[in-house]
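Trainee: Below is one structure. I have some questions about it.
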Amino acid sequence: MTFSNLYKNTVILKPKTTLLIIIVFLLSFAYFSKNFQLDASSDTLLLENDPDLKYLREVNKKYSSKEFLVLTYTHSPNEDYNFKSENTIKNLELLKTSLENLNWVDSVITVLDVPLLKNNDDPLAERIKNFKTLSSPDVDLERGFDEIINSPIYKNFVISEDGETSGILVYIKPDKKLIELIETKNSYLERKIEGKLTAKERKVYKTFLKKYDSYKKSYNKKNHQNINEIRKIIQDHPAPGKVEKSSSDIYPIIHLGGIPMIADDMMTFIKNDIIVFGAGVFLFIVFTLWFVFRSILWVVVPLLSCFFSVLIMIGFLGLVGWKVTVISSNFIALMLILTMAMNIHMSVRYLQFRKENPDVTNSEALLWTSKKMFWPILYTVLTTICAFLSLIFSGIKPIIDFGWMMTVGLLVSMSITFTLLPSILSILSGKNVNYTDQKKSRITSFLSVVAQKNTKTIFTSAIFIIAISVVGISKLEVENSFINYFDKKTEIYKGMKLIDDELGGTTPLDIIIKFPKQKNEDDSDDDWGEQDEDDSKYWFTRNKIDKITQVHDYLDNLSAVGKVISFASMVRVAEDLSGGNKLQGLEMGVLYTKIPDSIKKEIIDPYISIENNEARIGLRVLDSKENLRRNELIKKINYDLENELGLKPEEFKLAGVLILFNNLLQSLFKSQILTLGVVMAGITLMFLILFRNITLSFIGVVPNFMAAFLILGIIGLLGIPLDMMTITIAAITIGIAVDNSIHYIYRFKEEYKKIQDYNKTLEKCHNTVGVAILNTSITIVFGFSILVLSNFIPTIYFGVFTGIAMLLAMVSVLTLLPKLILTFKPFNNA
């Protein structure tokens, strides 16, 4: 039995059985939809095999880095509640106490906890041992504020230069179980990358991942509760001293920031995006279907196809454990759009055939339509899959998962389109179907005239588009400005912007300086290799301090860098306290032994590792700085440390989130540029297989490649840097836009065999398949435009530019493509 007969005997002749099977299939996958997961953690945007990620984890462990939230506290201009008032001190103490009472908070550091070492005239050793803070009862507030604002350590760190904004660090208690699970996961992952996992270990790893995901899910839920608790405290604060400056400003103004808060808000954004995108696209599809068909039946049937496809896909994601991230949050909208396009093409072809052949039975019409539409729809699906599969070469798990999601989703959509729609129409029978002829489209009729009579205009426009594309593409840059990923109205943006402007920057970067284990020039008796490990005071040498200071000052002078903190900051404080005298290594070592553990833990241990014979310089990059190019900044620092400051390559290493996100984007850029060529070659090959005509194949891909490249050119000309989402536009646009070419050429080839006249065939195609292309393109364009409702700026760019690209592709397919067919007449050589 041939596939055609099998299809006829099941889907067409036994539609109720087919429909029952589809419903059982739907219910089965609907059960697994309960396991559908979202993930907005920073881990989802990292290269799993990135050696810099492994190194950063080592650095964080070595220097006891803890997860924390940041509160920015902007003081009232009112004299009674400004920065230097006792009321402000009381308010901050109240807020600190409220935060410390949260059971998940480890410690809270505010401006009140800064050790004041210049607040009295006691001997230095005494001041260090019995230091005061702003909250001490007998402290001189004026003198204390002056010290903090001018401190090399705390200025632009816990207090802004103008004293109006202070930072509050809320350290979170480490989750020991999660730390153990992450370490185990990383261990498995390293062995997997190295190819050392045995078959038994792979099974254990698979089981472990379920356990890890389950715990991570509960951890995310707990983090959400924590963020809500801290926001409640912010909302209720302050008890006394609420000062209203205007109708919109109530002081103190408090903003929340930090990676845990960003991750939680991102989760909320993803949930909202899924709901908003899905609902928005759904409503627009209803409107489009009614506009095209003016029949309830032809609105309901395609919508059922969309509903079945999406619900099955959600269940599949829950079954296999693929998480939806900010990258793939628009997958439901994409599936709705692409499923709808398939259904419109099927429905329009079916109605046209029934009108032209009123005597054929409904079953014959459905079988004929399915046969005629199978190959063009199959190839549109394969070309789109080719584009989405290009994402798997990125090396970034959420982007790889997105590629696979859309691949499976497209196959599901095609299967549902060729089973659900024919089976429902078979059950309803031909009598209930509205075959009212669709009116000729003025737009496609106009474009038909343009394609036939405006040769110079079309080719001149095409050459102009190519020129614009080349110029624009030459100006393309890749960048990942994290702060600019969010709408200015969001808490994330407001908090990050204030930290950037007033508290020394947002994106962290560490420079680790590694000291050689040898005798130092300035201290003949301090061969570190021969000293007792416990006798830490002998580690300090003037040579080491000078090297740290040299690097510190270099970094501090970079315009893109905000706050820099290192051991050099502490040395400067100590030298200032000792009357400006330059401290030698041994003096510094003795002073180190006298510093209380509470100070040592907060401001010294995070910046030196005596055990590992190295120092850490922590800096924060001004993420909101205009025209900041992070990759160039990283290259400059690496180059200057070696060539300007004279450090050997093995004596320093850069680490931090800035490095990881830069690696991610550079990897994505390289992979997409390489795979764009593969996508183009793959699609051209598919055209050759489908049409068996070299000329026709090249004619077919030109309009779509032009649309994709023009969008990249426009992005370049507008100066918008490519980021982790917009960098995929070209490949995805080609994959989706090429569907129109396939449908048009396939229909043109079919009609030309009957008409044998190029111009008449063109007119017929514009009034039939051209109308379907117009309707599906408008649906796709407006479907993508729904993405502008996102709070995530890259998603907005993705929606806007992909929508524009699809519009350009549609115009090209209905003007340039037919003009090329008229010019080269490829069917005479077929």
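Ligands are numbered from 1 in the order shown, residues from 1 within each chain, and chains are lettered A, B, ... in the order they appear in the structure tokens.
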Enumerate, in order of chain and increasing residue number, the residues of segment 400-454 of chain A with an atom no farther than 9 Å from segment 383-390 of chain A, each with its shortest atom pair and distance in Å to one decimal, counting only C-alpha atoms, as CSV.

Mentor:
```
residue,atom,partner,partner_atom,distance
A:Ile400,CA,A:Leu389,CA,8.0
A:Phe402,CA,A:Phe388,CA,7.9
A:Gly403,CA,A:Phe388,CA,4.7
A:Trp404,CA,A:Leu389,CA,6.7
A:Met405,CA,A:Phe388,CA,8.9
A:Met406,CA,A:Phe388,CA,6.6
A:Thr407,CA,A:Ile385,CA,5.2
A:Val408,CA,A:Ile385,CA,8.7
A:Leu410,CA,A:Ile385,CA,7.3
A:Leu411,CA,A:Ile385,CA,8.8
```

Trainee: Could you give me, as a CSV table (one decimal) with C-alpha atoms, in the first residue's frame, the residues within 10 Å of Leu498 of chain A, counting only C-alpha atoms and dropping anything in the same chain fewer than 3 positions from it?

Mentor:
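See result-v6.csv below for the written result:
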```csv
chain,number,residue,atom,x,y,z
A,72,THR,CA,20.3,51.7,46.7
A,73,TYR,CA,19.1,54.2,49.4
A,74,THR,CA,18.7,57.8,48.2
A,160,SER,CA,28.0,58.2,46.3
A,165,THR,CA,22.9,57.7,47.7
A,255,HIS,CA,15.7,50.4,44.6
A,257,GLY,CA,19.3,45.1,42.5
A,493,TYR,CA,17.0,49.1,34.9
A,494,LYS,CA,16.4,51.7,37.6
A,495,GLY,CA,18.5,49.9,40.1
A,501,ASP,CA,25.9,56.4,38.1
A,502,GLU,CA,26.4,56.7,41.8
A,503,LEU,CA,27.9,53.5,43.2
A,504,GLY,CA,30.8,52.6,40.9
A,505,GLY,CA,29.3,50.5,38.1
A,506,THR,CA,27.5,47.2,37.7
A,624,SER,CA,25.4,52.1,30.9
```

Trainee: Which one is closest to Lys749 of chain A: A:Phe687, A:Phe331, A:Phe464, A:Phe827? Count only C-alpha atoms.

Mentor: A:Phe827

Trainee: Need to verify the contact set: segment 346-359 of chain A, 7 Å, only C-alpha atoms, exclusion of same-chain residues closer than 2 positions in sequence. Can you return it as a PyMOL selection string?

Mentor: chain A and resi 342-344+361+365-366+369+373+435+772

Trainee: Write the selection just made, keeping all heavy atoms, as a PDB file, in the first residue's frame?

Mentor:
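To be explicit, this is the file written out as selection-v7.pdb:
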```pdb
ATOM      1  N   MET A 342       0.831  27.532   7.547  1.00  0.00           N
ATOM      2  CA  MET A 342       0.561  26.242   6.880  1.00  0.00           C
ATOM      3  C   MET A 342      -0.931  26.061   6.643  1.00  0.00           C
ATOM      4  O   MET A 342      -1.366  25.643   5.559  1.00  0.00           O
ATOM      5  CB  MET A 342       1.079  25.082   7.744  1.00  0.00           C
ATOM      6  CG  MET A 342       2.567  25.009   7.901  1.00  0.00           C
ATOM      7  SD  MET A 342       3.021  23.581   8.934  1.00  0.00           S
ATOM      8  CE  MET A 342       4.586  24.110   9.587  1.00  0.00           C
ATOM      9  N   ASN A 343      -1.728  26.386   7.655  1.00  0.00           N
ATOM     10  CA  ASN A 343      -3.177  26.184   7.565  1.00  0.00           C
ATOM     11  C   ASN A 343      -3.820  27.111   6.537  1.00  0.00           C
ATOM     12  O   ASN A 343      -4.755  26.711   5.838  1.00  0.00           O
ATOM     13  CB  ASN A 343      -3.818  26.374   8.933  1.00  0.00           C
ATOM     14  CG  ASN A 343      -3.769  25.124   9.774  1.00  0.00           C
ATOM     15  OD1 ASN A 343      -4.720  24.350   9.821  1.00  0.00           O
ATOM     16  ND2 ASN A 343      -2.640  24.890  10.437  1.00  0.00           N
ATOM     17  N   ILE A 344      -3.339  28.344   6.452  1.00  0.00           N
ATOM     18  CA  ILE A 344      -3.894  29.279   5.465  1.00  0.00           C
ATOM     19  C   ILE A 344      -3.612  28.777   4.051  1.00  0.00           C
ATOM     20  O   ILE A 344      -4.497  28.772   3.186  1.00  0.00           O
ATOM     21  CB  ILE A 344      -3.337  30.699   5.675  1.00  0.00           C
ATOM     22  CG1 ILE A 344      -3.964  31.327   6.918  1.00  0.00           C
ATOM     23  CG2 ILE A 344      -3.619  31.578   4.458  1.00  0.00           C
ATOM     24  CD1 ILE A 344      -3.439  32.714   7.257  1.00  0.00           C
ATOM     25  N   THR A 361     -16.045  15.075  -5.118  1.00  0.00           N
ATOM     26  CA  THR A 361     -16.485  14.829  -3.741  1.00  0.00           C
ATOM     27  C   THR A 361     -15.548  15.527  -2.759  1.00  0.00           C
ATOM     28  O   THR A 361     -14.413  15.880  -3.104  1.00  0.00           O
ATOM     29  CB  THR A 361     -16.504  13.331  -3.425  1.00  0.00           C
ATOM     30  OG1 THR A 361     -15.157  12.837  -3.484  1.00  0.00           O
ATOM     31  CG2 THR A 361     -17.391  12.562  -4.412  1.00  0.00           C
ATOM     32  N   ALA A 365     -11.464  16.102  -2.954  1.00  0.00           N
ATOM     33  CA  ALA A 365     -10.895  17.452  -2.850  1.00  0.00           C
ATOM     34  C   ALA A 365      -9.839  17.511  -1.752  1.00  0.00           C
ATOM     35  O   ALA A 365      -8.778  18.126  -1.915  1.00  0.00           O
ATOM     36  CB  ALA A 365     -11.997  18.466  -2.568  1.00  0.00           C
ATOM     37  N   LEU A 366     -10.129  16.884  -0.628  1.00  0.00           N
ATOM     38  CA  LEU A 366      -9.168  16.881   0.488  1.00  0.00           C
ATOM     39  C   LEU A 366      -7.911  16.105   0.134  1.00  0.00           C
ATOM     40  O   LEU A 366      -6.793  16.540   0.451  1.00  0.00           O
ATOM     41  CB  LEU A 366      -9.818  16.273   1.746  1.00  0.00           C
ATOM     42  CG  LEU A 366     -10.859  17.157   2.452  1.00  0.00           C
ATOM     43  CD1 LEU A 366     -11.628  16.344   3.487  1.00  0.00           C
ATOM     44  CD2 LEU A 366     -10.195  18.356   3.111  1.00  0.00           C
ATOM     45  N   THR A 369      -5.906  18.205  -2.400  1.00  0.00           N
ATOM     46  CA  THR A 369      -5.253  19.334  -1.727  1.00  0.00           C
ATOM     47  C   THR A 369      -4.041  18.866  -0.922  1.00  0.00           C
ATOM     48  O   THR A 369      -2.970  19.487  -0.970  1.00  0.00           O
ATOM     49  CB  THR A 369      -6.247  20.048  -0.787  1.00  0.00           C
ATOM     50  OG1 THR A 369      -7.386  20.461  -1.527  1.00  0.00           O
ATOM     51  CG2 THR A 369      -5.596  21.254  -0.133  1.00  0.00           C
ATOM     52  N   MET A 373      -0.253  20.049  -1.691  1.00  0.00           N
ATOM     53  CA  MET A 373       0.398  20.908  -0.700  1.00  0.00           C
ATOM     54  C   MET A 373       1.478  20.206   0.108  1.00  0.00           C
ATOM     55  O   MET A 373       2.243  20.866   0.812  1.00  0.00           O
ATOM     56  CB  MET A 373      -0.644  21.487   0.272  1.00  0.00           C
ATOM     57  CG  MET A 373      -1.666  22.417  -0.377  1.00  0.00           C
ATOM     58  SD  MET A 373      -0.905  23.752  -1.330  1.00  0.00           S
ATOM     59  CE  MET A 373      -0.018  24.627  -0.071  1.00  0.00           C
ATOM     60  N   TYR A 435     -17.730  27.864   0.266  1.00  0.00           N
ATOM     61  CA  TYR A 435     -16.765  27.957  -0.835  1.00  0.00           C
ATOM     62  C   TYR A 435     -16.803  29.301  -1.536  1.00  0.00           C
ATOM     63  O   TYR A 435     -16.430  29.433  -2.687  1.00  0.00           O
ATOM     64  CB  TYR A 435     -17.044  26.859  -1.890  1.00  0.00           C
ATOM     65  CG  TYR A 435     -17.109  25.496  -1.296  1.00  0.00           C
ATOM     66  CD1 TYR A 435     -18.295  24.777  -1.308  1.00  0.00           C
ATOM     67  CD2 TYR A 435     -15.991  24.938  -0.698  1.00  0.00           C
ATOM     68  CE1 TYR A 435     -18.361  23.524  -0.750  1.00  0.00           C
ATOM     69  CE2 TYR A 435     -16.059  23.680  -0.131  1.00  0.00           C
ATOM     70  CZ  TYR A 435     -17.247  22.987  -0.156  1.00  0.00           C
ATOM     71  OH  TYR A 435     -17.316  21.747   0.415  1.00  0.00           O
ATOM     72  N   ALA A 772      -2.545  34.060  -0.706  1.00  0.00           N
ATOM     73  CA  ALA A 772      -2.181  33.284   0.488  1.00  0.00           C
ATOM     74  C   ALA A 772      -0.853  33.777   1.064  1.00  0.00           C
ATOM     75  O   ALA A 772      -0.695  33.900   2.286  1.00  0.00           O
ATOM     76  CB  ALA A 772      -2.080  31.803   0.136  1.00  0.00           C
TER      77      ALA A 772
END
```

Trainee: Please, which residues of segment 4-167 of chain A, numbered as in this document, come out alpha helix (DSSP H) from DSSP, as a ChimeraX atom specification?

Mentor: /A:4-7,15-32,51-62,86-100,124-129,141-149

Trainee: With a distance cut-off of 12 Å and only C-alpha atoms, select the neighbouring residues of Leu189 of chain A, excluding the residue or stretch itself and same-chain residues fewer than 3 positions from it, and output the selection as an mmCIF file with N, CA, C and O atoms, in the first residue's frame.

Mentor:
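Writing the result to result-v6.cif gives the following:
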```cif
data_model
loop_
_atom_site.group_PDB
_atom_site.id
_atom_site.type_symbol
_atom_site.label_atom_id
_atom_site.label_comp_id
_atom_site.auth_asym_id
_atom_site.auth_seq_id
_atom_site.Cartn_x
_atom_site.Cartn_y
_atom_site.Cartn_z
ATOM 1 N N LEU A 47 28.504 29.610 28.305
ATOM 2 C CA LEU A 47 29.035 28.471 27.570
ATOM 3 C C LEU A 47 29.460 27.408 28.578
ATOM 4 O O LEU A 47 30.340 27.648 29.411
ATOM 5 N N GLU A 48 28.854 26.238 28.509
ATOM 6 C CA GLU A 48 29.112 25.206 29.521
ATOM 7 C C GLU A 48 30.567 24.742 29.527
ATOM 8 O O GLU A 48 31.103 24.367 30.552
ATOM 9 N N ASN A 49 31.191 24.749 28.354
ATOM 10 C CA ASN A 49 32.573 24.266 28.268
ATOM 11 C C ASN A 49 33.589 25.404 28.268
ATOM 12 O O ASN A 49 34.726 25.234 27.849
ATOM 13 N N ASP A 50 33.163 26.583 28.729
ATOM 14 C CA ASP A 50 34.042 27.755 28.752
ATOM 15 C C ASP A 50 35.057 27.605 29.894
ATOM 16 O O ASP A 50 34.681 27.545 31.064
ATOM 17 N N LYS A 54 34.974 27.922 34.444
ATOM 18 C CA LYS A 54 35.610 27.063 35.453
ATOM 19 C C LYS A 54 36.558 27.886 36.331
ATOM 20 O O LYS A 54 36.574 27.734 37.562
ATOM 21 N N ILE A 182 25.803 21.683 42.375
ATOM 22 C CA ILE A 182 26.465 22.379 41.269
ATOM 23 C C ILE A 182 27.867 21.818 41.052
ATOM 24 O O ILE A 182 28.293 21.600 39.906
ATOM 25 N N GLU A 183 28.589 21.564 42.159
ATOM 26 C CA GLU A 183 29.935 20.998 42.046
ATOM 27 C C GLU A 183 29.890 19.612 41.405
ATOM 28 O O GLU A 183 30.729 19.278 40.562
ATOM 29 N N THR A 184 28.899 18.811 41.806
ATOM 30 C CA THR A 184 28.749 17.466 41.218
ATOM 31 C C THR A 184 28.421 17.578 39.732
ATOM 32 O O THR A 184 28.980 16.861 38.901
ATOM 33 N N LYS A 185 27.527 18.503 39.402
ATOM 34 C CA LYS A 185 27.125 18.702 38.001
ATOM 35 C C LYS A 185 28.326 19.124 37.160
ATOM 36 O O LYS A 185 28.542 18.617 36.051
ATOM 37 N N ASN A 186 29.118 20.064 37.680
ATOM 38 C CA ASN A 186 30.297 20.529 36.955
ATOM 39 C C ASN A 186 31.314 19.420 36.760
ATOM 40 O O ASN A 186 31.969 19.336 35.724
ATOM 41 N N LYS A 192 32.250 14.670 30.890
ATOM 42 C CA LYS A 192 31.485 14.469 29.652
ATOM 43 C C LYS A 192 32.187 15.159 28.477
ATOM 44 O O LYS A 192 32.316 14.584 27.389
ATOM 45 N N ILE A 193 32.639 16.402 28.700
ATOM 46 C CA ILE A 193 33.335 17.165 27.660
ATOM 47 C C ILE A 193 34.628 16.462 27.254
ATOM 48 O O ILE A 193 34.998 16.423 26.081
ATOM 49 N N GLU A 194 35.313 15.889 28.243
ATOM 50 C CA GLU A 194 36.568 15.177 27.972
ATOM 51 C C GLU A 194 36.346 13.775 27.413
ATOM 52 O O GLU A 194 37.289 13.083 27.043
ATOM 53 N N GLY A 195 35.063 13.350 27.358
ATOM 54 C CA GLY A 195 34.727 12.026 26.827
ATOM 55 C C GLY A 195 35.100 10.882 27.746
ATOM 56 O O GLY A 195 35.375 9.770 27.298
ATOM 57 N N LYS A 196 35.110 11.161 29.065
ATOM 58 C CA LYS A 196 35.544 10.143 30.025
ATOM 59 C C LYS A 196 34.390 9.445 30.749
ATOM 60 O O LYS A 196 34.620 8.572 31.584
ATOM 61 N N LEU A 197 33.145 9.846 30.438
ATOM 62 C CA LEU A 197 32.001 9.224 31.122
ATOM 63 C C LEU A 197 31.744 7.827 30.566
ATOM 64 O O LEU A 197 31.629 7.639 29.362
ATOM 65 N N GLU A 201 28.042 5.678 34.073
ATOM 66 C CA GLU A 201 28.086 7.044 34.608
ATOM 67 C C GLU A 201 27.108 7.969 33.870
ATOM 68 O O GLU A 201 26.531 8.872 34.467
ATOM 69 N N ARG A 202 26.919 7.735 32.559
ATOM 70 C CA ARG A 202 25.975 8.551 31.785
ATOM 71 C C ARG A 202 24.552 8.372 32.306
ATOM 72 O O ARG A 202 23.779 9.327 32.388
ATOM 73 N N TYR A 205 24.392 10.125 35.589
ATOM 74 C CA TYR A 205 24.360 11.567 35.329
ATOM 75 C C TYR A 205 22.963 12.024 34.919
ATOM 76 O O TYR A 205 22.471 13.067 35.357
ATOM 77 N N LYS A 206 22.307 11.214 34.097
ATOM 78 C CA LYS A 206 20.950 11.532 33.642
ATOM 79 C C LYS A 206 19.986 11.574 34.832
ATOM 80 O O LYS A 206 19.151 12.475 34.952
ATOM 81 N N PHE A 208 20.904 12.051 37.949
ATOM 82 C CA PHE A 208 21.336 13.179 38.784
ATOM 83 C C PHE A 208 20.745 14.493 38.280
ATOM 84 O O PHE A 208 20.327 15.343 39.081
ATOM 85 N N LEU A 209 20.711 14.692 36.962
ATOM 86 C CA LEU A 209 20.195 15.939 36.394
ATOM 87 C C LEU A 209 18.733 16.174 36.775
ATOM 88 O O LEU A 209 18.315 17.314 37.003
#
```

Trainee: How far is it from atom CA of Lys819 of chain A to atom CA of Arg442 of chain A, in Å with one decimal?

Mentor: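 Separation between atom CA of Lys819 of chain A and atom CA of Arg442 of chain A: 18.8 Å.
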
Trainee: Atom CA of Ile513 of chain A to atom CA of Phe652 of chain A: how many Å, to one decimal?

Mentor: 4.5 Å

Trainee: Atom CA of Ser328 of chain A to atom CA of Ala809 of chain A: how many Å, to one decimal?

Mentor: 23.7 Å

Trainee: Taking the chain letters and numbering used in this document, name the residues of segment 145-327 of chain A that DSSP puts in strand (DSSP E), as a list in words.

Mentor: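 In segment 145-327 of chain A, DSSP puts these residues in strand (DSSP E): Thr165, Ser166, Gly167, Ile168, Leu169, Val170, Tyr171, Ile172, Val243, Glu244, Ile250, Tyr251, Ile253, Ile254, His255, Leu256 and Gly257 of chain A.
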
Trainee: Please produce a file of those selected residues containing N, CA, C and O atoms, as a tab-separated table (two decimals), in the first residue's frame.

Mentor:
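This is the output file selection16.tsv:
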```
chain	number	residue	atom	x	y	z
A	165	THR	N	23.28	59.13	47.94
A	165	THR	CA	22.87	57.73	47.75
A	165	THR	C	23.88	56.80	48.40
A	165	THR	O	25.09	56.96	48.24
A	166	SER	N	23.38	55.85	49.16
A	166	SER	CA	24.26	54.84	49.75
A	166	SER	C	23.80	53.45	49.32
A	166	SER	O	22.65	53.26	48.92
A	167	GLY	N	24.73	52.51	49.36
A	167	GLY	CA	24.42	51.14	48.97
A	167	GLY	C	24.30	50.24	50.19
A	167	GLY	O	25.01	50.42	51.18
A	168	ILE	N	23.38	49.29	50.12
A	168	ILE	CA	23.21	48.32	51.20
A	168	ILE	C	23.40	46.93	50.59
A	168	ILE	O	22.68	46.55	49.66
A	169	LEU	N	24.39	46.20	51.08
A	169	LEU	CA	24.65	44.85	50.59
A	169	LEU	C	23.96	43.84	51.50
A	169	LEU	O	24.20	43.83	52.72
A	170	VAL	N	23.12	43.01	50.92
A	170	VAL	CA	22.42	41.98	51.67
A	170	VAL	C	22.97	40.62	51.23
A	170	VAL	O	22.63	40.12	50.16
A	171	TYR	N	23.86	40.05	52.05
A	171	TYR	CA	24.46	38.76	51.71
A	171	TYR	C	23.51	37.62	52.05
A	171	TYR	O	22.93	37.59	53.13
A	172	ILE	N	23.37	36.70	51.11
A	172	ILE	CA	22.42	35.59	51.27
A	172	ILE	C	23.15	34.37	51.83
A	172	ILE	O	24.28	34.07	51.43
A	243	VAL	N	9.20	61.58	53.82
A	243	VAL	CA	9.21	62.98	53.40
A	243	VAL	C	8.83	63.05	51.94
A	243	VAL	O	9.44	62.43	51.09
A	244	GLU	N	7.81	63.82	51.65
A	244	GLU	CA	7.33	63.93	50.28
A	244	GLU	C	7.89	65.19	49.64
A	244	GLU	O	7.65	66.30	50.10
A	250	ILE	N	8.93	60.20	46.93
A	250	ILE	CA	8.81	60.01	48.37
A	250	ILE	C	10.14	59.45	48.86
A	250	ILE	O	10.63	58.45	48.36
A	251	TYR	N	10.77	60.16	49.80
A	251	TYR	CA	12.10	59.78	50.26
A	251	TYR	C	12.01	59.02	51.57
A	251	TYR	O	11.14	59.26	52.37
A	253	ILE	N	14.24	57.07	48.58
A	253	ILE	CA	13.92	56.25	47.41
A	253	ILE	C	14.83	55.02	47.45
A	253	ILE	O	16.06	55.14	47.49
A	254	ILE	N	14.23	53.85	47.46
A	254	ILE	CA	15.00	52.60	47.57
A	254	ILE	C	14.75	51.74	46.34
A	254	ILE	O	13.60	51.48	45.98
A	255	HIS	N	15.85	51.31	45.69
A	255	HIS	CA	15.74	50.38	44.55
A	255	HIS	C	16.48	49.09	44.90
A	255	HIS	O	17.50	49.11	45.60
A	256	LEU	N	15.96	48.00	44.39
A	256	LEU	CA	16.56	46.68	44.64
A	256	LEU	C	17.32	46.24	43.40
A	256	LEU	O	16.85	46.40	42.27
A	257	GLY	N	18.50	45.66	43.59
A	257	GLY	CA	19.30	45.14	42.49
A	257	GLY	C	20.00	43.86	42.91
A	257	GLY	O	19.83	43.38	44.03
```
